[in-house]
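**Q** Here's a structure for you.
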Amino acid sequence: MKTENTKARPITKSDMKTKRLGNSDLSITPIGFGAWAIGGSGWEFGWGDQDDKASIAAVHRALELGVNWIDTAAVYGMGHSEEVVASALKTWPGPRPYVFTKCGLRWDKQGSVHNNLQAKSIRRECEDSLRRLKVDVIDLYQIHWPTEDLEAGWSEMAKLQTEGKVRWIGVSNFDADQLRQAEKIAPVTSLQPPYSLIRRGIESQILPYCYSNGIGVIVYSPMASGLLTGAMTRERVAKLPDSDWRGRDPEFREPKLSQNLALVERLRQVGEKYHRPPGQAAVSWVLRNPAVTAAIVGARNAQQVEKNVGAVDLQLSDADVAEIEGKKVQEPEPVMAA
């Protein structure tokens, strides 16, 4: 297996340019810390066992490198991710980053998850998240998944904003029609959709709608839940524990696994030209889209943070993109002498 060339210049805070998120006053860095995996195991979509000390070190390292926002959700680890984020913030000596979280997914004692956008449920979730995060206000509060109760749920989100419990409100996993439905009630600050080289469904309608209507877009899983990092081999996939949901994801199983690992090799080849790992190339590809405000990049330890955060200053050329996507690069026509 090829080893990654790590001679690229280290990323510093000065590399972290910010961009305004939708209609808000939040200026966020191109990469945010994703806290899904640090929720650990014990629930339906867990990533396997996780050491809290390593999680806190990962959060601190991201903040040291200039990342200024953390994205979590109540359901991650059934509240545990939010608690770990709170522990990391308590021991962080610098300015507090923006804290984003989500609601609308509840769980039972067995760790099974169900949707609930009823007003009373959302209000209770908000209070619980404020308590677990140990903050006075949530910077961005998001509906995790849409349901038939979308209008009731979004109306309650608007009330929470008016009351000052949350600063800005957004949604996740909505399509264009659902965004239109929500905006009839209250402005949508941002959308959080999945977006990566293997999940491009939002390009045709959703991203153009957000771009045209000033809705911020913070995409999740730009490295396809670790599949595009270069560290995920066929052997490692086969050894994923039962507590890691990725073992049940079709993208990690044949026939898609072979296609995705071939994509990783193309990312690796492009990344090597810049002395970067394939995961950085995958994130940089996502950030090239003008409709994308920023990307959520998860990490389970400080080393993963250091490996991935360099995507913020990696500029891919059109030829790089064509190579990554497996397209033939158009050769220029030869100039004929007169």
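By convention in this document, the chains of the structure tokens carry letters A, B, ... by their order, each chain's residues are numbered from 1, and ligands are numbered from 1 in the order they are shown.
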As a PDB file with N, CA, C and O atoms, in the first residue's frame, please: the residues near Ile296 (chain A) (cut-off 8 Å, only C-alpha atoms, same-chain neighbours under 3 positions excluded).
**A**
```pdb
ATOM      1  N   ILE A  31     -14.335  24.389   6.983  1.00  0.00           N
ATOM      2  CA  ILE A  31     -14.496  23.066   7.587  1.00  0.00           C
ATOM      3  C   ILE A  31     -14.960  23.234   9.022  1.00  0.00           C
ATOM      4  O   ILE A  31     -14.476  24.104   9.753  1.00  0.00           O
ATOM      5  N   GLY A  32     -15.926  22.409   9.407  1.00  0.00           N
ATOM      6  CA  GLY A  32     -16.369  22.377  10.790  1.00  0.00           C
ATOM      7  C   GLY A  32     -16.112  21.003  11.375  1.00  0.00           C
ATOM      8  O   GLY A  32     -15.962  20.017  10.645  1.00  0.00           O
ATOM      9  N   PHE A  33     -16.063  20.946  12.697  1.00  0.00           N
ATOM     10  CA  PHE A  33     -15.818  19.653  13.358  1.00  0.00           C
ATOM     11  C   PHE A  33     -17.122  18.878  13.462  1.00  0.00           C
ATOM     12  O   PHE A  33     -18.087  19.329  14.081  1.00  0.00           O
ATOM     13  N   GLY A  34     -17.167  17.703  12.855  1.00  0.00           N
ATOM     14  CA  GLY A  34     -18.345  16.848  12.906  1.00  0.00           C
ATOM     15  C   GLY A  34     -18.280  15.894  14.077  1.00  0.00           C
ATOM     16  O   GLY A  34     -17.306  15.148  14.236  1.00  0.00           O
ATOM     17  N   ASP A  71     -20.473  20.779  14.797  1.00  0.00           N
ATOM     18  CA  ASP A  71     -21.811  20.296  14.472  1.00  0.00           C
ATOM     19  C   ASP A  71     -22.064  18.963  15.162  1.00  0.00           C
ATOM     20  O   ASP A  71     -21.301  18.012  14.991  1.00  0.00           O
ATOM     21  N   ILE A 218     -24.244  23.646   4.463  1.00  0.00           N
ATOM     22  CA  ILE A 218     -23.139  22.983   5.143  1.00  0.00           C
ATOM     23  C   ILE A 218     -23.329  21.481   4.932  1.00  0.00           C
ATOM     24  O   ILE A 218     -24.248  20.888   5.485  1.00  0.00           O
ATOM     25  N   VAL A 219     -22.488  20.906   4.102  1.00  0.00           N
ATOM     26  CA  VAL A 219     -22.682  19.522   3.691  1.00  0.00           C
ATOM     27  C   VAL A 219     -22.055  18.560   4.696  1.00  0.00           C
ATOM     28  O   VAL A 219     -21.065  18.877   5.349  1.00  0.00           O
ATOM     29  N   TYR A 220     -22.675  17.393   4.807  1.00  0.00           N
ATOM     30  CA  TYR A 220     -22.100  16.373   5.681  1.00  0.00           C
ATOM     31  C   TYR A 220     -21.609  15.172   4.864  1.00  0.00           C
ATOM     32  O   TYR A 220     -21.980  14.987   3.715  1.00  0.00           O
ATOM     33  N   SER A 221     -20.724  14.402   5.489  1.00  0.00           N
ATOM     34  CA  SER A 221     -20.111  13.210   4.880  1.00  0.00           C
ATOM     35  C   SER A 221     -19.400  13.494   3.562  1.00  0.00           C
ATOM     36  O   SER A 221     -19.564  12.762   2.579  1.00  0.00           O
ATOM     37  N   PRO A 222     -18.567  14.548   3.479  1.00  0.00           N
ATOM     38  CA  PRO A 222     -17.830  14.795   2.234  1.00  0.00           C
ATOM     39  C   PRO A 222     -16.821  13.689   1.921  1.00  0.00           C
ATOM     40  O   PRO A 222     -16.427  13.523   0.767  1.00  0.00           O
TER      41      PRO A 222
END
```
**Q** Point out the residue among A:Phe45, A:Phe100, A:Trp92, A:Tyr141 with the least atom-to-atom distance to Ser112 (chain A), counting only C-alpha atoms.
**A**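 Closest to Ser112 (chain A) of all the choices is A:Phe45.
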**Q** So, with only C-alpha atoms as the atoms that count, which of A:Lys273, A:His80, A:Arg167, A:Lys19 lies closest to Ser317 (chain A)?
**A**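 For Ser317 (chain A), the nearest of the given residues is A:Lys273.
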**Q** Could you write out, as a ChimeraX atom specification, all the residues of region 61-271 of chain A that DSSP marks as helix (DSSP H, G or I)?
**A** /A:61-64,80-90,119-133,150-162,176-183,201-203,206-212,234-238,245-248,250-252,256-271
**Q** For Thr18 (chain A), work out the shell of residues within 6 Å, counting only C-alpha atoms and skipping chain neighbours fewer than 3 positions away, then give it as a JSON list (two decimals) with N, CA and C atoms, in the first residue's frame.
**A**
```json
[["chain", "number", "residue", "atom", "x", "y", "z"],
["A", 27, "SER", "N", -20.09, 33.89, 10.59],
["A", 27, "SER", "CA", -19.04, 33.72, 9.60],
["A", 27, "SER", "C", -18.27, 32.46, 9.97],
["A", 28, "ILE", "N", -18.40, 31.42, 9.16],
["A", 28, "ILE", "CA", -17.85, 30.12, 9.54],
["A", 28, "ILE", "C", -16.69, 29.70, 8.64],
["A", 29, "THR", "N", -15.81, 28.89, 9.21],
["A", 29, "THR", "CA", -14.66, 28.38, 8.47],
["A", 29, "THR", "C", -15.13, 27.33, 7.45]]
```
**Q** Which of region 81-212 of chain A counts as strand (DSSP E or B) under DSSP, as an MDAnalysis selection string please?
**A** chainID A and resid 98:103 105:107 113:115 138:143 166:172 190:192 194 196 199
**Q** Residues as selected, N, CA and C atoms, written as a PDB file, in the first residue's frame, can you do that?
**A**
```pdb
ATOM      1  N   TYR A  98     -18.751  28.384  17.505  1.00  0.00           N
ATOM      2  CA  TYR A  98     -20.185  28.239  17.296  1.00  0.00           C
ATOM      3  C   TYR A  98     -20.559  26.770  17.527  1.00  0.00           C
ATOM      4  N   VAL A  99     -21.719  26.567  18.125  1.00  0.00           N
ATOM      5  CA  VAL A  99     -22.202  25.212  18.373  1.00  0.00           C
ATOM      6  C   VAL A  99     -23.518  25.009  17.631  1.00  0.00           C
ATOM      7  N   PHE A 100     -23.518  24.045  16.729  1.00  0.00           N
ATOM      8  CA  PHE A 100     -24.710  23.695  15.962  1.00  0.00           C
ATOM      9  C   PHE A 100     -25.194  22.317  16.420  1.00  0.00           C
ATOM     10  N   THR A 101     -26.498  22.151  16.570  1.00  0.00           N
ATOM     11  CA  THR A 101     -27.027  20.831  16.885  1.00  0.00           C
ATOM     12  C   THR A 101     -28.371  20.656  16.180  1.00  0.00           C
ATOM     13  N   LYS A 102     -28.965  19.469  16.347  1.00  0.00           N
ATOM     14  CA  LYS A 102     -30.163  19.113  15.584  1.00  0.00           C
ATOM     15  C   LYS A 102     -31.199  18.459  16.481  1.00  0.00           C
ATOM     16  N   CYS A 103     -32.434  18.472  15.980  1.00  0.00           N
ATOM     17  CA  CYS A 103     -33.542  17.861  16.717  1.00  0.00           C
ATOM     18  C   CYS A 103     -34.421  17.096  15.736  1.00  0.00           C
ATOM     19  N   LEU A 105     -35.077  13.682  15.947  1.00  0.00           N
ATOM     20  CA  LEU A 105     -34.865  12.244  16.051  1.00  0.00           C
ATOM     21  C   LEU A 105     -34.820  11.877  17.532  1.00  0.00           C
ATOM     22  N   ARG A 106     -35.755  11.055  17.958  1.00  0.00           N
ATOM     23  CA  ARG A 106     -35.807  10.588  19.348  1.00  0.00           C
ATOM     24  C   ARG A 106     -35.402   9.119  19.406  1.00  0.00           C
ATOM     25  N   TRP A 107     -35.145   8.625  20.586  1.00  0.00           N
ATOM     26  CA  TRP A 107     -34.684   7.243  20.723  1.00  0.00           C
ATOM     27  C   TRP A 107     -35.338   6.578  21.924  1.00  0.00           C
ATOM     28  N   VAL A 113     -34.157   4.483  16.839  1.00  0.00           N
ATOM     29  CA  VAL A 113     -34.425   5.903  16.569  1.00  0.00           C
ATOM     30  C   VAL A 113     -35.732   6.055  15.807  1.00  0.00           C
ATOM     31  N   HIS A 114     -36.502   7.100  16.149  1.00  0.00           N
ATOM     32  CA  HIS A 114     -37.723   7.420  15.416  1.00  0.00           C
ATOM     33  C   HIS A 114     -37.837   8.930  15.238  1.00  0.00           C
ATOM     34  N   ASN A 115     -38.583   9.351  14.216  1.00  0.00           N
ATOM     35  CA  ASN A 115     -38.765  10.771  13.933  1.00  0.00           C
ATOM     36  C   ASN A 115     -39.876  11.362  14.784  1.00  0.00           C
ATOM     37  N   ILE A 138     -28.202  28.122  21.545  1.00  0.00           N
ATOM     38  CA  ILE A 138     -27.648  27.297  20.470  1.00  0.00           C
ATOM     39  C   ILE A 138     -27.490  28.189  19.244  1.00  0.00           C
ATOM     40  N   ASP A 139     -26.304  28.204  18.659  1.00  0.00           N
ATOM     41  CA  ASP A 139     -26.030  29.122  17.548  1.00  0.00           C
ATOM     42  C   ASP A 139     -26.817  28.772  16.294  1.00  0.00           C
ATOM     43  N   LEU A 140     -26.941  27.499  15.978  1.00  0.00           N
ATOM     44  CA  LEU A 140     -27.742  27.052  14.835  1.00  0.00           C
ATOM     45  C   LEU A 140     -28.466  25.771  15.237  1.00  0.00           C
ATOM     46  N   TYR A 141     -29.793  25.842  15.222  1.00  0.00           N
ATOM     47  CA  TYR A 141     -30.612  24.686  15.591  1.00  0.00           C
ATOM     48  C   TYR A 141     -31.281  24.176  14.323  1.00  0.00           C
ATOM     49  N   GLN A 142     -31.164  22.863  14.068  1.00  0.00           N
ATOM     50  CA  GLN A 142     -31.587  22.312  12.790  1.00  0.00           C
ATOM     51  C   GLN A 142     -32.553  21.133  12.964  1.00  0.00           C
ATOM     52  N   ILE A 143     -33.560  21.077  12.115  1.00  0.00           N
ATOM     53  CA  ILE A 143     -34.402  19.880  12.025  1.00  0.00           C
ATOM     54  C   ILE A 143     -33.589  18.816  11.290  1.00  0.00           C
ATOM     55  N   VAL A 166     -32.426  29.846  20.614  1.00  0.00           N
ATOM     56  CA  VAL A 166     -31.528  29.529  19.508  1.00  0.00           C
ATOM     57  C   VAL A 166     -31.350  30.807  18.700  1.00  0.00           C
ATOM     58  N   ARG A 167     -30.180  30.962  18.105  1.00  0.00           N
ATOM     59  CA  ARG A 167     -29.910  32.186  17.342  1.00  0.00           C
ATOM     60  C   ARG A 167     -30.431  32.092  15.913  1.00  0.00           C
ATOM     61  N   TRP A 168     -30.163  30.976  15.267  1.00  0.00           N
ATOM     62  CA  TRP A 168     -30.563  30.795  13.871  1.00  0.00           C
ATOM     63  C   TRP A 168     -31.124  29.394  13.699  1.00  0.00           C
ATOM     64  N   ILE A 169     -31.990  29.219  12.702  1.00  0.00           N
ATOM     65  CA  ILE A 169     -32.619  27.918  12.500  1.00  0.00           C
ATOM     66  C   ILE A 169     -32.395  27.424  11.078  1.00  0.00           C
ATOM     67  N   GLY A 170     -32.123  26.134  10.968  1.00  0.00           N
ATOM     68  CA  GLY A 170     -31.866  25.524   9.681  1.00  0.00           C
ATOM     69  C   GLY A 170     -32.478  24.139   9.612  1.00  0.00           C
ATOM     70  N   VAL A 171     -32.225  23.471   8.510  1.00  0.00           N
ATOM     71  CA  VAL A 171     -32.791  22.143   8.294  1.00  0.00           C
ATOM     72  C   VAL A 171     -31.709  21.216   7.736  1.00  0.00           C
ATOM     73  N   SER A 172     -32.008  19.931   7.779  1.00  0.00           N
ATOM     74  CA  SER A 172     -31.096  18.928   7.246  1.00  0.00           C
ATOM     75  C   SER A 172     -31.907  17.910   6.455  1.00  0.00           C
ATOM     76  N   SER A 190     -30.047  27.742   6.784  1.00  0.00           N
ATOM     77  CA  SER A 190     -29.123  26.811   6.136  1.00  0.00           C
ATOM     78  C   SER A 190     -29.750  25.446   5.937  1.00  0.00           C
ATOM     79  N   LEU A 191     -29.178  24.733   4.991  1.00  0.00           N
ATOM     80  CA  LEU A 191     -29.518  23.342   4.733  1.00  0.00           C
ATOM     81  C   LEU A 191     -28.272  22.503   4.981  1.00  0.00           C
ATOM     82  N   GLN A 192     -28.468  21.339   5.613  1.00  0.00           N
ATOM     83  CA  GLN A 192     -27.370  20.394   5.804  1.00  0.00           C
ATOM     84  C   GLN A 192     -27.703  19.092   5.065  1.00  0.00           C
ATOM     85  N   PRO A 194     -26.335  15.572   2.623  1.00  0.00           N
ATOM     86  CA  PRO A 194     -25.142  14.769   2.321  1.00  0.00           C
ATOM     87  C   PRO A 194     -24.604  15.172   0.954  1.00  0.00           C
ATOM     88  N   SER A 196     -21.008  14.273  -1.541  1.00  0.00           N
ATOM     89  CA  SER A 196     -19.663  13.750  -1.754  1.00  0.00           C
ATOM     90  C   SER A 196     -19.574  13.251  -3.181  1.00  0.00           C
ATOM     91  N   ARG A 199     -22.218  10.730  -3.592  1.00  0.00           N
ATOM     92  CA  ARG A 199     -23.600  11.137  -3.341  1.00  0.00           C
ATOM     93  C   ARG A 199     -23.785  12.547  -3.895  1.00  0.00           C
TER      94      ARG A 199
END
```
